[in-house]
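See below for input_10.tsv, which holds TSV, C-alpha atoms.
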```
chain	number	residue	atom	x	y	z
P	188	MET	CA	5.65	13.86	-39.97
P	189	THR	CA	8.61	15.99	-40.90
P	190	THR	CA	9.75	16.92	-44.40
P	191	ASN	CA	12.42	14.79	-46.04
P	192	PHE	CA	15.89	14.80	-44.53
P	193	HIS	CA	19.30	13.97	-45.97
P	194	ILE	CA	21.63	11.44	-44.31
P	195	LEU	CA	25.39	11.80	-43.96
P	196	HIS	CA	26.47	8.23	-43.24
P	197	VAL	CA	29.95	8.08	-41.68
P	198	GLU	CA	31.04	4.49	-42.23
P	199	ASP	CA	34.29	2.84	-43.36
P	200	ASP	CA	32.77	-0.53	-44.30
P	201	ASP	CA	31.28	-0.62	-47.81
P	202	LEU	CA	28.96	-3.54	-47.02
P	203	ASP	CA	27.53	-1.76	-43.97
P	204	ALA	CA	27.08	1.36	-46.09
P	205	LEU	CA	25.27	-0.66	-48.75
P	206	ASN	CA	23.00	-2.30	-46.17
P	207	VAL	CA	22.03	1.05	-44.68
P	208	GLN	CA	21.52	2.55	-48.12
P	209	ARG	CA	19.09	-0.26	-48.94
P	210	LEU	CA	17.17	0.15	-45.69
P	211	MET	CA	16.94	3.88	-46.21
P	212	SER	CA	15.66	3.50	-49.75
P	213	GLN	CA	12.60	1.89	-48.15
P	214	CYS	CA	12.21	4.78	-45.72
P	215	GLY	CA	10.02	7.53	-47.13
P	216	ALA	CA	11.45	10.40	-45.09
P	217	VAL	CA	14.98	10.09	-46.50
P	218	SER	CA	15.69	12.24	-49.55
P	219	GLY	CA	19.28	11.16	-50.10
P	220	ILE	CA	22.43	9.76	-48.57
P	221	THR	CA	26.08	10.81	-48.67
P	222	VAL	CA	28.78	8.42	-47.44
P	223	ALA	CA	31.99	9.56	-45.72
P	224	HIS	CA	34.56	6.87	-44.89
P	225	ASP	CA	35.78	8.25	-41.56
P	226	GLY	CA	35.36	11.19	-39.20
P	227	MET	CA	37.94	13.30	-40.97
P	228	GLU	CA	36.25	12.93	-44.35
P	229	ALA	CA	32.88	13.67	-42.73
P	230	LEU	CA	34.20	16.95	-41.30
P	231	GLU	CA	35.56	17.87	-44.75
P	232	VAL	CA	32.13	17.21	-46.26
P	233	LEU	CA	30.35	19.26	-43.60
P	234	ARG	CA	32.80	22.17	-43.85
P	235	SER	CA	32.75	22.33	-47.65
P	236	GLU	CA	31.06	25.38	-49.14
P	237	THR	CA	28.56	23.28	-51.05
P	238	SER	CA	27.40	21.42	-47.96
P	239	ASP	CA	23.73	21.91	-47.11
P	240	LEU	CA	23.35	21.58	-43.35
P	241	HIS	CA	19.60	22.05	-43.44
P	242	ASP	CA	17.51	18.89	-42.93
P	243	LEU	CA	20.67	16.89	-42.35
P	244	VAL	CA	21.01	13.88	-40.04
P	245	ILE	CA	24.38	12.25	-39.33
P	246	LEU	CA	24.46	8.46	-38.99
P	247	LEU	CA	27.76	7.61	-37.30
P	248	ASP	CA	29.87	4.49	-36.91
P	249	ILE	CA	32.22	4.37	-33.92
P	250	CYS	CA	35.12	2.17	-35.01
P	251	MET	CA	36.89	3.82	-37.96
P	252	PRO	CA	40.47	4.60	-39.02
P	253	ARG	CA	42.03	8.10	-38.98
P	254	MET	CA	39.28	9.65	-36.84
P	255	SER	CA	36.89	7.44	-34.87
P	256	GLY	CA	33.22	8.24	-34.35
P	257	LEU	CA	33.80	9.53	-30.82
P	258	GLU	CA	36.68	11.74	-31.98
P	259	PHE	CA	34.43	13.05	-34.75
P	260	LEU	CA	31.67	13.80	-32.22
P	261	ARG	CA	34.04	15.84	-30.05
P	262	ALA	CA	35.22	17.82	-33.09
P	263	LEU	CA	31.62	18.34	-34.25
P	264	ARG	CA	30.40	19.62	-30.88
P	265	ALA	CA	33.40	21.97	-30.62
P	266	ASP	CA	32.62	23.57	-33.99
P	267	PRO	CA	30.16	26.48	-33.59
P	268	THR	CA	28.75	26.07	-37.11
P	269	LEU	CA	28.22	22.30	-36.82
P	270	CYS	CA	27.56	21.68	-33.11
P	271	HIS	CA	23.78	21.72	-33.49
P	272	LEU	CA	23.65	18.88	-36.04
P	273	PRO	CA	21.71	15.79	-34.96
P	274	VAL	CA	23.65	12.53	-34.75
P	275	VAL	CA	22.54	8.91	-34.42
P	276	VAL	CA	25.21	6.29	-33.70
P	277	LEU	CA	25.06	2.99	-35.61
P	278	SER	CA	27.84	0.75	-34.34
P	279	THR	CA	28.75	-2.85	-33.50
P	280	SER	CA	29.95	-1.60	-30.13
P	281	ASP	CA	27.45	-2.20	-27.36
P	282	HIS	CA	29.91	-1.17	-24.65
P	283	GLU	CA	28.40	1.00	-21.94
P	284	ASP	CA	31.48	3.25	-22.07
P	285	ASP	CA	30.86	4.03	-25.74
P	286	LYS	CA	27.16	4.67	-25.17
P	287	GLU	CA	27.81	6.91	-22.17
P	288	THR	CA	30.43	8.93	-24.05
P	289	ALA	CA	28.18	9.25	-27.11
P	290	TYR	CA	25.19	10.42	-25.06
P	291	ARG	CA	27.39	12.89	-23.17
P	292	LEU	CA	28.21	14.29	-26.61
P	293	ASN	CA	24.48	14.74	-27.25
P	294	VAL	CA	23.69	12.02	-29.73
P	295	ALA	CA	19.97	11.63	-30.36
P	296	GLY	CA	20.09	7.84	-30.49
P	297	TYR	CA	22.41	4.84	-30.31
P	298	LEU	CA	21.68	1.75	-32.44
P	299	VAL	CA	23.73	-1.45	-32.29
P	300	LYS	CA	24.43	-3.24	-35.58
P	301	PRO	CA	22.70	-4.97	-37.09
P	302	PRO	CA	19.43	-3.25	-36.19
P	303	SER	CA	16.30	-5.02	-37.41
P	304	PRO	CA	14.95	-3.28	-40.51
P	305	ASP	CA	11.74	-2.45	-38.69
P	306	ARG	CA	13.51	-0.96	-35.68
P	307	PHE	CA	15.86	0.96	-37.93
P	308	ARG	CA	13.02	2.56	-39.89
P	309	LYS	CA	11.08	3.39	-36.72
P	310	SER	CA	14.18	4.98	-35.18
P	311	LEU	CA	14.77	7.09	-38.25
P	312	PHE	CA	11.19	8.31	-38.30
P	313	ALA	CA	11.37	9.04	-34.57
P	314	PHE	CA	14.53	10.92	-35.17
P	315	ALA	CA	13.00	12.87	-38.02
P	316	SER	CA	10.38	14.06	-35.54
P	317	TYR	CA	13.08	15.03	-33.07
P	318	TRP	CA	14.82	17.07	-35.72
P	319	SER	CA	11.56	18.75	-36.68
P	320	THR	CA	10.91	19.70	-33.05
P	321	ALA	CA	14.41	21.10	-32.72
P	322	GLU	CA	13.70	23.34	-35.69
P	323	LEU	CA	10.67	24.79	-33.98
P	324	LEU	CA	12.53	25.80	-30.82
H	236	MET	CA	42.46	-18.29	-0.40
H	237	GLY	CA	42.06	-14.81	-1.82
H	238	ARG	CA	45.77	-14.53	-2.65
H	239	LEU	CA	45.75	-17.89	-4.42
H	240	ALA	CA	42.76	-16.87	-6.51
H	241	SER	CA	44.27	-13.57	-7.62
H	242	PRO	CA	46.60	-14.66	-10.48
H	243	ALA	CA	43.93	-16.89	-11.98
H	244	THR	CA	41.42	-14.06	-11.74
H	245	ASP	CA	43.82	-11.74	-13.56
H	246	ALA	CA	44.38	-14.35	-16.26
H	247	TRP	CA	40.65	-14.84	-16.71
H	248	ARG	CA	40.11	-11.09	-16.86
H	249	GLN	CA	42.80	-10.80	-19.54
H	250	LEU	CA	41.29	-13.72	-21.46
H	251	ASP	CA	37.85	-12.16	-21.14
H	252	GLY	CA	39.16	-8.87	-22.57
H	253	PHE	CA	40.90	-10.71	-25.38
H	254	LEU	CA	37.79	-12.70	-26.27
H	255	ALA	CA	35.69	-9.52	-26.21
H	256	ILE	CA	38.05	-7.94	-28.74
H	257	VAL	CA	38.02	-11.00	-30.99
H	258	SER	CA	34.24	-11.47	-30.82
H	259	HIS	CA	33.70	-7.79	-31.61
H	260	ASP	CA	35.95	-7.94	-34.67
H	261	LEU	CA	34.25	-11.09	-35.92
H	262	ARG	CA	30.69	-9.99	-35.18
H	263	SER	CA	30.98	-6.87	-37.29
H	264	PRO	CA	31.56	-8.49	-40.72
H	265	LEU	CA	29.35	-11.49	-39.96
H	266	SER	CA	26.37	-9.34	-39.05
H	267	ALA	CA	26.86	-7.23	-42.20
H	268	ILE	CA	27.07	-10.37	-44.36
H	269	SER	CA	23.93	-11.74	-42.70
H	270	VAL	CA	21.97	-8.56	-43.51
H	271	GLY	CA	23.42	-8.62	-47.04
H	272	ILE	CA	22.24	-12.20	-47.63
H	273	ASP	CA	18.72	-11.24	-46.52
H	274	ALA	CA	18.81	-8.25	-48.88
H	275	MET	CA	19.96	-10.39	-51.83
H	276	ALA	CA	17.09	-12.80	-51.27
H	277	ASP	CA	14.82	-10.06	-52.60
H	278	PRO	CA	14.03	-11.09	-56.22
H	279	ALA	CA	13.27	-7.45	-57.06
H	280	MET	CA	16.88	-6.37	-56.50
H	281	ASP	CA	18.40	-5.03	-59.73
H	282	GLN	CA	21.55	-6.59	-61.17
H	283	ALA	CA	23.80	-3.57	-60.53
H	284	THR	CA	22.92	-3.54	-56.82
H	285	ARG	CA	23.31	-7.33	-56.72
H	286	ASP	CA	26.83	-6.99	-58.18
H	287	ARG	CA	27.77	-4.31	-55.64
H	288	TYR	CA	26.53	-6.55	-52.85
H	289	LEU	CA	28.51	-9.53	-54.14
H	290	SER	CA	31.73	-7.48	-54.34
H	291	ALA	CA	31.23	-6.00	-50.89
H	292	MET	CA	30.41	-9.38	-49.35
H	293	ARG	CA	33.46	-11.02	-50.95
H	294	ARG	CA	35.66	-8.26	-49.49
H	295	ALA	CA	34.05	-8.76	-46.07
H	296	VAL	CA	34.67	-12.52	-46.23
H	297	GLY	CA	38.27	-11.88	-47.30
H	298	ARG	CA	38.85	-9.49	-44.39
H	299	THR	CA	37.39	-12.01	-41.96
H	300	GLU	CA	39.60	-14.80	-43.30
H	301	ARG	CA	42.67	-12.57	-42.98
H	302	PHE	CA	41.67	-11.63	-39.45
H	303	LEU	CA	41.44	-15.30	-38.45
H	304	ALA	CA	44.77	-16.09	-40.13
H	305	ASP	CA	46.39	-13.12	-38.36
H	306	LEU	CA	44.91	-14.27	-35.07
H	307	ALA	CA	46.47	-17.72	-35.52
H	308	ASP	CA	49.84	-16.15	-36.39
H	309	VAL	CA	49.76	-13.81	-33.40
H	310	GLY	CA	49.08	-16.89	-31.25
H	311	ARG	CA	52.16	-18.57	-32.78
H	312	ILE	CA	54.23	-15.45	-32.10
H	313	ALA	CA	53.09	-15.41	-28.48
H	314	SER	CA	54.06	-19.06	-28.04
H	315	GLY	CA	57.34	-18.69	-29.96
H	316	SER	CA	56.27	-21.16	-32.65
H	317	LEU	CA	55.98	-18.88	-35.70
H	318	GLU	CA	57.59	-20.79	-38.58
H	319	ILE	CA	60.14	-18.98	-40.72
H	320	GLU	CA	61.51	-20.44	-43.96
H	321	PRO	CA	64.49	-18.27	-44.79
H	322	ALA	CA	65.79	-17.80	-48.31
H	323	ARG	CA	68.17	-15.31	-49.89
H	324	ILE	CA	66.00	-12.57	-51.34
H	325	ALA	CA	66.56	-9.37	-53.29
H	326	ILE	CA	64.75	-6.37	-51.90
H	327	ALA	CA	63.62	-4.36	-54.94
H	328	PRO	CA	61.52	-7.19	-56.46
H	329	LEU	CA	60.01	-7.89	-53.02
H	330	LEU	CA	58.87	-4.27	-52.64
H	331	GLU	CA	57.56	-4.19	-56.21
H	332	ARG	CA	55.53	-7.32	-55.46
H	333	ALA	CA	54.16	-5.82	-52.25
H	334	ALA	CA	53.17	-2.67	-54.15
H	335	SER	CA	51.46	-4.60	-56.95
H	336	GLN	CA	49.28	-6.47	-54.43
H	337	HIS	CA	47.77	-3.15	-53.32
H	338	GLU	CA	47.10	-1.43	-56.65
H	339	ALA	CA	43.31	-1.81	-56.48
H	340	GLU	CA	43.17	-0.76	-52.80
H	341	ALA	CA	45.34	2.28	-53.58
H	342	HIS	CA	42.93	3.38	-56.29
H	343	GLU	CA	39.96	3.06	-53.92
H	344	THR	CA	41.65	5.01	-51.11
H	345	GLY	CA	42.97	7.93	-53.18
H	346	THR	CA	46.60	6.94	-52.71
H	347	TRP	CA	49.37	5.55	-54.92
H	348	ILE	CA	52.48	3.55	-54.11
H	349	VAL	CA	56.03	4.61	-54.96
H	350	VAL	CA	58.90	2.10	-54.60
H	351	GLU	CA	62.35	3.47	-53.77
H	352	ALA	CA	64.90	0.65	-53.83
H	353	ASP	CA	67.94	0.35	-56.07
H	354	GLY	CA	70.20	-2.59	-56.87
H	355	GLY	CA	72.68	-1.56	-54.15
H	356	ILE	CA	70.43	-2.66	-51.31
H	357	HIS	CA	71.92	-5.62	-49.39
H	358	PRO	CA	70.06	-8.90	-49.87
H	359	LEU	CA	68.33	-10.52	-46.91
H	360	LYS	CA	68.10	-14.08	-45.67
H	361	ALA	CA	64.45	-14.07	-44.74
H	362	ASP	CA	61.09	-15.70	-45.33
H	363	PRO	CA	59.68	-13.80	-48.33
H	364	ASP	CA	56.07	-14.73	-47.54
H	365	ARG	CA	56.38	-13.47	-43.97
H	366	LEU	CA	58.02	-10.23	-45.12
H	367	LEU	CA	55.23	-9.73	-47.66
H	368	GLN	CA	52.72	-10.41	-44.88
H	369	ALA	CA	54.35	-7.73	-42.69
H	370	LEU	CA	54.54	-5.23	-45.57
H	371	ASP	CA	50.91	-5.98	-46.43
H	372	LYS	CA	49.86	-4.98	-42.90
H	373	LEU	CA	51.89	-1.77	-42.98
H	374	ILE	CA	50.64	-0.78	-46.46
H	375	SER	CA	47.01	-1.49	-45.55
H	376	ASN	CA	47.39	0.52	-42.35
H	377	ALA	CA	48.90	3.41	-44.29
H	378	MET	CA	46.06	3.37	-46.82
H	379	ARG	CA	43.40	3.37	-44.11
H	380	HIS	CA	44.99	6.10	-42.05
H	381	ALA	CA	46.28	8.27	-44.89
H	382	ARG	CA	43.24	7.98	-47.14
H	383	GLY	CA	43.37	10.61	-49.90
H	384	SER	CA	46.80	11.83	-48.79
H	385	GLY	CA	48.74	10.96	-51.95
H	386	ALA	CA	51.86	8.85	-52.24
H	387	ILE	CA	52.73	5.97	-49.95
H	388	THR	CA	56.42	5.24	-50.32
H	389	LEU	CA	58.03	1.82	-49.92
H	390	ARG	CA	61.68	2.62	-49.27
H	391	ALA	CA	64.67	0.35	-48.65
H	392	GLU	CA	67.92	1.61	-47.17
H	393	ASN	CA	71.20	0.02	-46.04
H	394	ARG	CA	72.42	0.65	-42.50
H	395	ASP	CA	76.02	-0.48	-42.18
H	396	GLY	CA	77.61	-0.50	-38.75
H	397	PRO	CA	80.21	-2.19	-36.55
H	398	GLU	CA	77.60	-4.49	-35.01
H	399	GLY	CA	76.51	-5.76	-38.40
H	400	ASP	CA	74.82	-4.53	-41.54
H	401	THR	CA	71.08	-4.21	-41.68
H	402	VAL	CA	68.40	-3.25	-44.17
H	403	ARG	CA	65.50	-0.99	-43.28
H	404	LEU	CA	62.21	-1.43	-45.13
H	405	TRP	CA	59.94	1.59	-44.67
H	406	VAL	CA	56.28	2.25	-45.46
H	407	ILE	CA	55.91	6.04	-45.41
H	408	ASP	CA	52.61	7.91	-45.57
H	409	HIS	CA	51.56	11.56	-45.47
H	410	GLY	CA	48.48	11.09	-43.31
H	411	PRO	CA	47.67	12.63	-39.92
H	412	GLY	CA	50.47	10.73	-38.15
H	413	VAL	CA	50.36	9.35	-34.65
H	414	ALA	CA	51.93	10.33	-31.32
H	415	GLY	CA	54.58	8.07	-29.75
H	416	ALA	CA	52.43	7.32	-26.72
H	417	GLU	CA	49.59	6.28	-29.01
H	418	ILE	CA	51.85	3.77	-30.79
H	419	GLU	CA	52.76	2.23	-27.44
H	420	ARG	CA	49.06	1.99	-26.62
H	421	ILE	CA	48.31	0.31	-29.95
H	422	LEU	CA	50.90	-2.39	-29.27
H	423	HIS	CA	49.92	-2.76	-25.62
H	424	ARG	CA	46.20	-2.84	-26.41
H	425	PHE	CA	46.29	-6.25	-28.02
H	426	TRP	CA	48.76	-8.00	-25.71
H	427	SER	CA	47.04	-6.79	-22.58
H	428	GLY	CA	43.52	-7.63	-23.82
H	429	ALA	CA	42.55	-4.06	-22.93
H	430	ARG	CA	39.97	-2.51	-25.19
H	431	GLU	CA	40.31	1.04	-26.42
H	432	ARG	CA	37.12	2.84	-27.29
H	433	GLY	CA	36.45	3.32	-30.99
H	434	LYS	CA	39.30	1.06	-32.07
H	435	SER	CA	39.48	-2.47	-33.48
H	436	ALA	CA	41.67	-5.28	-32.14
H	437	GLY	CA	44.71	-4.00	-34.04
H	438	LEU	CA	46.43	-7.29	-34.84
H	439	GLY	CA	48.56	-5.69	-37.58
H	440	LEU	CA	51.34	-4.06	-35.60
H	441	PRO	CA	51.82	-6.92	-33.11
H	442	LEU	CA	52.08	-9.21	-36.13
H	443	VAL	CA	54.67	-6.99	-37.87
H	444	SER	CA	56.63	-6.70	-34.65
H	445	GLY	CA	56.56	-10.49	-34.18
H	446	ILE	CA	57.66	-11.20	-37.77
H	447	ALA	CA	60.56	-8.74	-37.43
H	448	ALA	CA	61.63	-10.32	-34.13
H	449	ALA	CA	61.44	-13.84	-35.62
H	450	HIS	CA	64.02	-12.68	-38.19
H	451	GLY	CA	66.32	-11.23	-35.54
H	452	GLY	CA	65.18	-7.72	-36.33
H	453	ALA	CA	62.78	-5.11	-35.00
H	454	MET	CA	59.82	-3.00	-36.00
H	455	LEU	CA	60.51	0.69	-36.57
H	456	VAL	CA	58.20	3.67	-36.07
H	457	GLU	CA	58.79	7.34	-36.79
H	458	SER	CA	55.79	9.62	-36.58
H	459	SER	CA	54.40	12.80	-35.17
H	460	PRO	CA	50.85	14.17	-35.18
H	461	GLY	CA	50.24	15.99	-38.47
H	462	GLY	CA	53.55	14.87	-39.95
H	463	GLY	CA	52.69	11.53	-41.51
H	464	ALA	CA	53.89	8.16	-40.29
H	465	SER	CA	56.76	5.84	-41.19
H	466	PHE	CA	56.49	2.22	-40.09
H	467	GLY	CA	59.09	-0.34	-41.02
H	468	LEU	CA	61.27	-3.33	-40.26
H	469	GLU	CA	65.02	-3.44	-39.63
H	470	LEU	CA	66.48	-6.83	-40.56
H	471	PRO	CA	70.01	-8.32	-40.58
H	472	ALA	CA	71.59	-8.17	-44.04
H	473	VAL	CA	73.52	-10.90	-45.86
H	474	ARG	CA	76.95	-9.79	-47.20
```

Can you dump the structure from the file as structure tokens?
Amino acid sequence: MTTNFHILHVEDDDLDALNVQRLMSQCGAVSGITVAHDGMEALEVLRSETSDLHDLVILLDICMPRMSGLEFLRALRADPTLCHLPVVVLSTSDHEDDKETAYRLNVAGYLVKPPSPDRFRKSLFAFASYWSTAELL
Amino acid sequence: MGRLASPATDAWRQLDGFLAIVSHDLRSPLSAISVGIDAMADPAMDQATRDRYLSAMRRAVGRTERFLADLADVGRIASGSLEIEPARIAIAPLLERAASQHEAEAHETGTWIVVEADGGIHPLKADPDRLLQALDKLISNAMRHARGSGAITLRAENRDGPEGDTVRLWVIDHGPGVAGAEIERILHRFWSGARERGKSAGLGLPLVSGIAAAHGGAMLVESSPGGGASFGLELPAVR
């Protein structure tokens, strides 16, 4: 199992953020969580000087104001200092178009809300392993 | 046979798209509330977390109720049956009231509301509740899209002309702005039942546009990417 990782949760809905925060508190591999309310705020967080990009996983909603999740993904992948960051989508959208676009932008996983707590934890742990492997390459 | 089936097929496709939008926008808060209820059933949850959950769930229920009310009103607009109860109203108190309804939301979104309306603004003969409903949509939109971008200005201005005097009510933000083509898409998205990736149903602007039209006026938009956005209503004045 990998070392602890930090989550940047990009989510505009405070109840969804609270639900995820609670699920993650029961997940041993998560050391902390930062919430950004839309893609633009998430980019500001990631580009701030104090941001620690090591051991970071981005959990991303799709439907958000100002900058949607897909717009954020495009901006992230176009930024040479951020393009390597792992992203898991957590969205109410189960549209094939959204999934296809997200996977083309190299997301590691796509979860549809609400994921069962068990599936959510398993996915996070699986993703932690993915991140750890990526570090070794 | 095929030609006869075509219009009905188009109508069903449009209805299907519309229902997909509505079900998506209802499923999101309901699923979050469902998970929240399960979480609150845990007797070990501390009181502070319980309070945060209650506040968040109340807001989610409120948003869902507003969505359903908006949906009903948009249906009335589409069928031409939106009820308007006109009364003579002064503008400055109306804008002050609209601003006061958003004080808490402004604080949460890193914005504040400035009202610019003096006593010289022409009065309107309009339904105050409907105008407040339209302003509510525009202010909420501005706060979501211009989060952390400072002042949101509610401005009233007279426009006197040979074809009649009007009053313009603006909601002006300093957010990222929006391109003209995008605005057209936002309005078209709902009426056509077409879904745009990463976006919600967007009932707000069709509702504002319908309320303006029901008063013999129009919705106004001035915006450019990076330059903030100004959305408003132009309504016939009473002299």

Excluding segment 275-288 of chain H and residues on its chain fewer than 4 positions from it, collect all residues at most 8 Å away from it, counting all atoms listed in the file, and give them as a compact mmCIF listing (two decimals) with C-alpha atoms, keeping the file's coordinate frame.
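Just written: part-v6.txt:
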```
# COMPACT_ATOMS: atom_id res chain seq x y z
CA LEU P 202 28.96 -3.54 -47.02
CA LEU P 205 25.27 -0.66 -48.75
CA GLY H 271 23.42 -8.62 -47.04
CA MET H 292 30.41 -9.38 -49.35
```

**OP:** Specify as a ChimeraX atom specification all residues of chain H found within 8 Å of chain P, counting all atoms listed in the file.
**Re:** /H:259,262-263,266-268,270-271,274,288,291-292,295,379-381,411,432-435

**OP:** Name all residues at most 9 Å from segment 234-241 of chain P (count all atoms listed in the file; drop same-chain ones fewer than 4 positions away) and give them as a count of residues only.
**Re:** 7

Subject >> Close residues, segment 346-350 of chain H itself excluded, 6 Å, all atoms listed in the file, min 5 positions apart in chain, as a list of chain:residue names >> reply: H:Ala341, H:Gly383, H:Gly385, H:Ala386, H:Ile387, H:Thr388, H:Leu389

Put those residues in a file: C-alpha atoms, as a PDB file, in the frame of the given file.
```pdb
ATOM      1  CA  ALA H 341      45.340   2.280 -53.580  1.00  0.00           C
ATOM      2  CA  GLY H 383      43.370  10.610 -49.900  1.00  0.00           C
ATOM      3  CA  GLY H 385      48.740  10.960 -51.950  1.00  0.00           C
ATOM      4  CA  ALA H 386      51.860   8.850 -52.240  1.00  0.00           C
ATOM      5  CA  ILE H 387      52.730   5.970 -49.950  1.00  0.00           C
ATOM      6  CA  THR H 388      56.420   5.240 -50.320  1.00  0.00           C
ATOM      7  CA  LEU H 389      58.030   1.820 -49.920  1.00  0.00           C
TER       8      LEU H 389
END
```

Original post:
For Leu311 of chain P, which residue among P:Gly219, P:Asp266, P:Arg291, P:Gly296 is the nearest when counting all atoms listed in the file?
Top reply: P:Gly296

**OP:** Write out as JSON, numbers by chain which residues come within 7 Å of segment 396-405 of chain H when counting only C-alpha atoms, dropping same-chain ones fewer than 4 positions away.
**Re:** {"H": [357, 389, 390, 391, 392, 465, 466, 467, 468, 469, 470, 471, 472]}

Residues just named, written with C-alpha atoms as a short mmCIF file (atom, residue, chain, number, x, y, z; two decimals), keeping the file's coordinate frame:
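For reference, selection_20.cif as written:
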```
data_model
loop_
_atom_site.label_atom_id
_atom_site.label_comp_id
_atom_site.auth_asym_id
_atom_site.auth_seq_id
_atom_site.Cartn_x
_atom_site.Cartn_y
_atom_site.Cartn_z
CA HIS H 357 71.92 -5.62 -49.39
CA LEU H 389 58.03 1.82 -49.92
CA ARG H 390 61.68 2.62 -49.27
CA ALA H 391 64.67 0.35 -48.65
CA GLU H 392 67.92 1.61 -47.17
CA SER H 465 56.76 5.84 -41.19
CA PHE H 466 56.49 2.22 -40.09
CA GLY H 467 59.09 -0.34 -41.02
CA LEU H 468 61.27 -3.33 -40.26
CA GLU H 469 65.02 -3.44 -39.63
CA LEU H 470 66.48 -6.83 -40.56
CA PRO H 471 70.01 -8.32 -40.58
CA ALA H 472 71.59 -8.17 -44.04
#
```

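Counting from atom CA of Gly310 of chain H, the distance to atom CA of Gln336 of chain H is 25.4 Å.
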
**OP:** Determine the nearest neighbour of Phe259 of chain P from the options P:Val244, P:Val217, P:Lys309, P:Ala289, counting only C-alpha atoms.
**Re:** P:Ala289

Original post:
Just how far from atom CA of Ala216 of chain P is atom CA of Cys270 of chain P, in Å to one decimal?
Top reply: 23.0 Å

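Distances to Leu306 of chain H were evaluated for H:Leu438, H:Ala246, H:Leu359, H:Leu289 using only C-alpha atoms, and the minimum falls at H:Leu438.
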
Can we get segment 340-354 of chain H of that structure written down with N, CA and C atoms, as a PDB file, in the first residue's frame?
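This is the output file out28.pdb:
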```pdb
ATOM      1  N   GLU H 340     -25.484  34.829   1.181  1.00  0.00           N
ATOM      2  CA  GLU H 340     -24.856  34.178   0.017  1.00  0.00           C
ATOM      3  C   GLU H 340     -23.640  34.980  -0.449  1.00  0.00           C
ATOM      4  N   ALA H 341     -23.746  36.315  -0.367  1.00  0.00           N
ATOM      5  CA  ALA H 341     -22.628  37.166  -0.777  1.00  0.00           C
ATOM      6  C   ALA H 341     -21.415  36.895   0.108  1.00  0.00           C
ATOM      7  N   HIS H 342     -21.673  36.806   1.411  1.00  0.00           N
ATOM      8  CA  HIS H 342     -20.585  36.554   2.363  1.00  0.00           C
ATOM      9  C   HIS H 342     -19.884  35.235   2.044  1.00  0.00           C
ATOM     10  N   GLU H 343     -20.686  34.210   1.735  1.00  0.00           N
ATOM     11  CA  GLU H 343     -20.126  32.876   1.457  1.00  0.00           C
ATOM     12  C   GLU H 343     -19.336  32.841   0.151  1.00  0.00           C
ATOM     13  N   THR H 344     -19.693  33.690  -0.806  1.00  0.00           N
ATOM     14  CA  THR H 344     -19.059  33.616  -2.129  1.00  0.00           C
ATOM     15  C   THR H 344     -17.980  34.678  -2.340  1.00  0.00           C
ATOM     16  N   GLY H 345     -17.632  35.401  -1.273  1.00  0.00           N
ATOM     17  CA  GLY H 345     -16.565  36.404  -1.409  1.00  0.00           C
ATOM     18  C   GLY H 345     -16.962  37.568  -2.301  1.00  0.00           C
ATOM     19  N   THR H 346     -18.239  37.930  -2.252  1.00  0.00           N
ATOM     20  CA  THR H 346     -18.713  39.082  -3.028  1.00  0.00           C
ATOM     21  C   THR H 346     -19.502  40.001  -2.094  1.00  0.00           C
ATOM     22  N   TRP H 347     -19.832  41.199  -2.568  1.00  0.00           N
ATOM     23  CA  TRP H 347     -20.738  42.073  -1.836  1.00  0.00           C
ATOM     24  C   TRP H 347     -21.570  42.831  -2.861  1.00  0.00           C
ATOM     25  N   ILE H 348     -22.743  43.271  -2.414  1.00  0.00           N
ATOM     26  CA  ILE H 348     -23.692  43.882  -3.346  1.00  0.00           C
ATOM     27  C   ILE H 348     -23.757  45.389  -3.129  1.00  0.00           C
ATOM     28  N   VAL H 349     -23.670  46.131  -4.221  1.00  0.00           N
ATOM     29  CA  VAL H 349     -23.777  47.588  -4.187  1.00  0.00           C
ATOM     30  C   VAL H 349     -25.031  47.966  -4.977  1.00  0.00           C
ATOM     31  N   VAL H 350     -25.886  48.811  -4.396  1.00  0.00           N
ATOM     32  CA  VAL H 350     -27.099  49.261  -5.088  1.00  0.00           C
ATOM     33  C   VAL H 350     -26.885  50.685  -5.586  1.00  0.00           C
ATOM     34  N   GLU H 351     -27.101  50.889  -6.877  1.00  0.00           N
ATOM     35  CA  GLU H 351     -26.988  52.230  -7.466  1.00  0.00           C
ATOM     36  C   GLU H 351     -28.330  52.599  -8.086  1.00  0.00           C
ATOM     37  N   ALA H 352     -29.160  53.286  -7.311  1.00  0.00           N
ATOM     38  CA  ALA H 352     -30.469  53.734  -7.808  1.00  0.00           C
ATOM     39  C   ALA H 352     -30.874  54.957  -7.003  1.00  0.00           C
ATOM     40  N   ASP H 353     -31.141  56.069  -7.661  1.00  0.00           N
ATOM     41  CA  ASP H 353     -31.550  57.250  -6.922  1.00  0.00           C
ATOM     42  C   ASP H 353     -33.060  57.464  -7.083  1.00  0.00           C
ATOM     43  N   GLY H 354     -33.557  58.515  -6.445  1.00  0.00           N
ATOM     44  CA  GLY H 354     -34.993  58.792  -6.458  1.00  0.00           C
ATOM     45  C   GLY H 354     -35.513  59.233  -7.816  1.00  0.00           C
TER      46      GLY H 354
END
```
